[in-house]
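> Have a look at the structure that comes next, please.
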Amino acid sequence: MDHKPMRGIEPLEPPTPDLAQSYLDEIDVIERRRDERIDRRAAGWQLAFNGLGVAVVLTAYLLVVRGSDGAMALQPMLFLLILWGQIGVGVAERSGVRWRTSGKRPWQVIVVILLAIVAVCSFMVLLIDSAERPLWAFFVPGAIVAIGFGGPAAVQFLRSRGRVAVIELPYEPMPRASRLATAGLGLLLGLAVLAVGYGSTLFASVGSTILMFAMVAWILASRTDAGPQALGRFWRWPQILAYLLGVAVVIGLSLLEVYTDVVQSWMIGACAVLVVLLLAGAAFLPDAGARRAADGRDG
């Protein structure tokens, strides 16, 4: 390789074969050090959990479409899907995972792309003529998504076998911006409850539109402590549990609204208030982890 010298500086001498080989060997050392900081078991659980969540939301939307036109459920469910993925990225980064495709395993990328194509195609087929499809067919796209996430999760579990303890990453207390964003998420999930509950009113259309505009604005703030990925990094079990309960309320109410007559107006309002209070309460809980970290330093 010819080196183009900078003005006034002599060109660099090309490295010898031994020196070049030492550089290549150092790359393997750096990759091993990087892997030591990745909790493979935690990454595997995160992938499995993410895949299960996406599969559940996707299947719930298809079941809503089967029972009705699904128009009012589309945007709230899409909001849940995008939000779940963004928060999942933050949870993975907290475990030390960095989203970079390795050239040594291109088959993984090919398999994921093929599964994604099959899932999208089956999803579109169900949407085209949902009334004529059997019930079991509406679970197929979700099952494909679960398999697509479950395969890499199994690989992470296998790679974690026999490994030494992972270097513990420093504890990060939840910033004020993330707490406010968590409370704001409660308001958005409450709005989603109202949108799917009052599916035949103008409010549902307006509420669904607000959800999507809020999601776009929120993604633009991903690099801040108020972004959805930051929530995945800073959330602990109280916030995660409150979020899961909120998502369960939105999905459960959507299915009850379509397949039963038990949903009343007061139930919709009560569920919306419950979701808002759950996330708001979890947002401003005292940071017990920070206290334990401080106690450990004092000790």
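Residue numbering restarts at 1 for every chain of the structure tokens, chains are lettered A, B, ... in their displayed order, and ligands are numbered from 1 as they appear.
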Would you pick out the contacts of A:Trp266 at 12 Å or less, using only C-alpha atoms, so that residues sharing its chain but fewer than 5 positions from it are not included, and give the list as a list in words?
Leu194, Gly197, Tyr198, Cys271, Ala272 and Val273 of chain A
> Store the residues of this selection in a file with N, CA and C atoms, as a PDB file, in the first residue's frame.

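Dumped everything to out.pdb:
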ATOM      1  N   LEU A 194     -57.715   5.024  26.633  1.00  0.00           N
ATOM      2  CA  LEU A 194     -58.910   5.741  26.200  1.00  0.00           C
ATOM      3  C   LEU A 194     -59.151   5.571  24.703  1.00  0.00           C
ATOM      4  N   GLY A 197     -60.463   2.078  24.139  1.00  0.00           N
ATOM      5  CA  GLY A 197     -61.734   1.876  24.831  1.00  0.00           C
ATOM      6  C   GLY A 197     -62.884   2.577  24.146  1.00  0.00           C
ATOM      7  N   TYR A 198     -62.644   3.818  23.710  1.00  0.00           N
ATOM      8  CA  TYR A 198     -63.673   4.581  23.005  1.00  0.00           C
ATOM      9  C   TYR A 198     -63.397   4.502  21.511  1.00  0.00           C
ATOM     10  N   CYS A 271     -59.317   2.278  34.228  1.00  0.00           N
ATOM     11  CA  CYS A 271     -58.079   1.672  33.728  1.00  0.00           C
ATOM     12  C   CYS A 271     -57.070   2.738  33.315  1.00  0.00           C
ATOM     13  N   ALA A 272     -57.550   3.803  32.675  1.00  0.00           N
ATOM     14  CA  ALA A 272     -56.654   4.883  32.268  1.00  0.00           C
ATOM     15  C   ALA A 272     -56.007   5.538  33.486  1.00  0.00           C
ATOM     16  N   VAL A 273     -56.804   5.806  34.513  1.00  0.00           N
ATOM     17  CA  VAL A 273     -56.262   6.409  35.739  1.00  0.00           C
ATOM     18  C   VAL A 273     -55.276   5.469  36.409  1.00  0.00           C
TER      19      VAL A 273
END
> With 6 Å as the cut-off and only C-alpha atoms counted, what is the closest atom pair between each nearby residue of stretch 127-229 of chain A and stretch 49-68 of chain A? Distances in Å to one decimal, ordered by chain and number, as a Markdown table.

| residue | atom | partner | partner_atom | distance |
| --- | --- | --- | --- | --- |
| A:Ser130 | CA | A:Arg66 | CA | 5.6 |
| A:Phe139 | CA | A:Thr59 | CA | 5.8 |
| A:Gly142 | CA | A:Ala55 | CA | 4.1 |
| A:Val145 | CA | A:Ala55 | CA | 5.8 |
| A:Ala146 | CA | A:Gly51 | CA | 4.9 |
| A:Phe149 | CA | A:Gly51 | CA | 5.0 |
> Grab the atom CA of A:Leu245 to atom CA of A:Ala192 distance for me, in Å with one decimal place.
13.4 Å
> Quick one: pull the distance between atom CA of A:Ile210 and atom CA of A:Arg176, Å, one decimal.
24.2 Å
> Mind pulling up the distance from atom CA of A:Gln75 to atom CA of A:Val258?
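Atom-to-atom, atom CA of A:Val258 and atom CA of A:Gln75 are spaced 16.0 Å apart.
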> Name the residues in contact with A:Gln229 at a cut-off of 12 Å, using only C-alpha atoms, excluding same-chain residues fewer than 2 positions from it; report them as a PyMOL selection string.
chain A and resi 82-94+178+181-182+218-227+231-235
> Convert the current residue selection to file output with C-alpha atoms, as a compact mmCIF listing (two decimals), in the first residue's frame.

# COMPACT_ATOMS: atom_id res chain seq x y z
CA ILE A 82 -42.12 0.75 18.72
CA LEU A 83 -41.88 1.67 22.38
CA TRP A 84 -41.13 -1.92 23.41
CA GLY A 85 -38.28 -2.13 20.92
CA GLN A 86 -36.76 1.20 21.99
CA ILE A 87 -36.85 0.34 25.69
CA GLY A 88 -35.44 -3.11 24.93
CA VAL A 89 -32.41 -1.53 23.24
CA GLY A 90 -31.72 0.44 26.41
CA VAL A 91 -32.03 -2.65 28.60
CA ALA A 92 -29.53 -4.48 26.38
CA GLU A 93 -27.04 -1.62 26.53
CA ARG A 94 -27.25 -1.69 30.31
CA SER A 178 -35.87 9.89 32.97
CA ALA A 181 -40.27 10.76 30.98
CA THR A 182 -41.53 7.71 32.91
CA TRP A 218 -39.72 10.90 21.68
CA ILE A 219 -37.53 8.93 19.27
CA LEU A 220 -35.89 12.19 18.19
CA ALA A 221 -34.94 12.65 21.85
CA SER A 222 -33.33 9.19 22.05
CA ARG A 223 -29.87 10.59 22.79
CA THR A 224 -31.08 12.35 25.93
CA ASP A 225 -31.88 11.02 29.40
CA ALA A 226 -35.56 11.51 28.57
CA GLY A 227 -35.49 9.22 25.53
CA LEU A 231 -35.59 4.41 30.25
CA GLY A 232 -34.35 0.92 29.44
CA ARG A 233 -30.92 1.79 30.84
CA PHE A 234 -32.14 3.38 34.08
CA TRP A 235 -35.32 1.46 34.86
> Show which residues sit within 12 Å of A:Ala282, as an NGL selection string. Count only C-alpha atoms, and ignore same-chain residues fewer than 6 positions away.
:A and (174 or 178-186 or 235-246 or 275-276)
> Could you turn the residues from that selection into a file that holds C-alpha atoms, as a PDB file, in the first residue's frame?

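Listed below is the output, part09.pdb:
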ATOM      1  CA  MET A 174     -32.191   7.405  37.403  1.00  0.00           C
ATOM      2  CA  SER A 178     -35.866   9.892  32.966  1.00  0.00           C
ATOM      3  CA  ARG A 179     -38.236  10.116  35.930  1.00  0.00           C
ATOM      4  CA  LEU A 180     -40.280  12.795  34.199  1.00  0.00           C
ATOM      5  CA  ALA A 181     -40.272  10.758  30.976  1.00  0.00           C
ATOM      6  CA  THR A 182     -41.533   7.710  32.909  1.00  0.00           C
ATOM      7  CA  ALA A 183     -44.413   9.753  34.309  1.00  0.00           C
ATOM      8  CA  GLY A 184     -45.088  11.108  30.811  1.00  0.00           C
ATOM      9  CA  LEU A 185     -45.194   7.561  29.492  1.00  0.00           C
ATOM     10  CA  GLY A 186     -47.938   6.863  32.020  1.00  0.00           C
ATOM     11  CA  TRP A 235     -35.316   1.463  34.864  1.00  0.00           C
ATOM     12  CA  ARG A 236     -35.274  -1.160  37.597  1.00  0.00           C
ATOM     13  CA  TRP A 237     -37.919  -3.715  38.552  1.00  0.00           C
ATOM     14  CA  PRO A 238     -40.522  -1.273  39.954  1.00  0.00           C
ATOM     15  CA  GLN A 239     -40.581   0.737  36.723  1.00  0.00           C
ATOM     16  CA  ILE A 240     -40.453  -2.358  34.507  1.00  0.00           C
ATOM     17  CA  LEU A 241     -43.315  -3.989  36.413  1.00  0.00           C
ATOM     18  CA  ALA A 242     -45.444  -0.833  36.227  1.00  0.00           C
ATOM     19  CA  TYR A 243     -44.800  -0.620  32.483  1.00  0.00           C
ATOM     20  CA  LEU A 244     -45.718  -4.284  31.920  1.00  0.00           C
ATOM     21  CA  LEU A 245     -48.951  -3.843  33.859  1.00  0.00           C
ATOM     22  CA  GLY A 246     -49.772  -0.767  31.784  1.00  0.00           C
ATOM     23  CA  VAL A 275     -52.072   3.160  34.301  1.00  0.00           C
ATOM     24  CA  VAL A 276     -51.193   6.820  34.882  1.00  0.00           C
TER      25      VAL A 276
END
> Pull the helix (DSSP H, G or I) assignments for stretch 141-249 of chain A out of DSSP run on the backbone, and list those residues as a PyMOL selection string.
chain A and resi 141-160+176-197+202-220+228-234+237-249
> Here is a test: counting only C-alpha atoms, which residue of A:Leu202, A:Leu127, A:Leu115, A:Val263 is nearest to A:Ile144?
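Comparing A:Leu202, A:Leu127, A:Leu115, A:Val263 against A:Ile144, the winner is A:Leu115.
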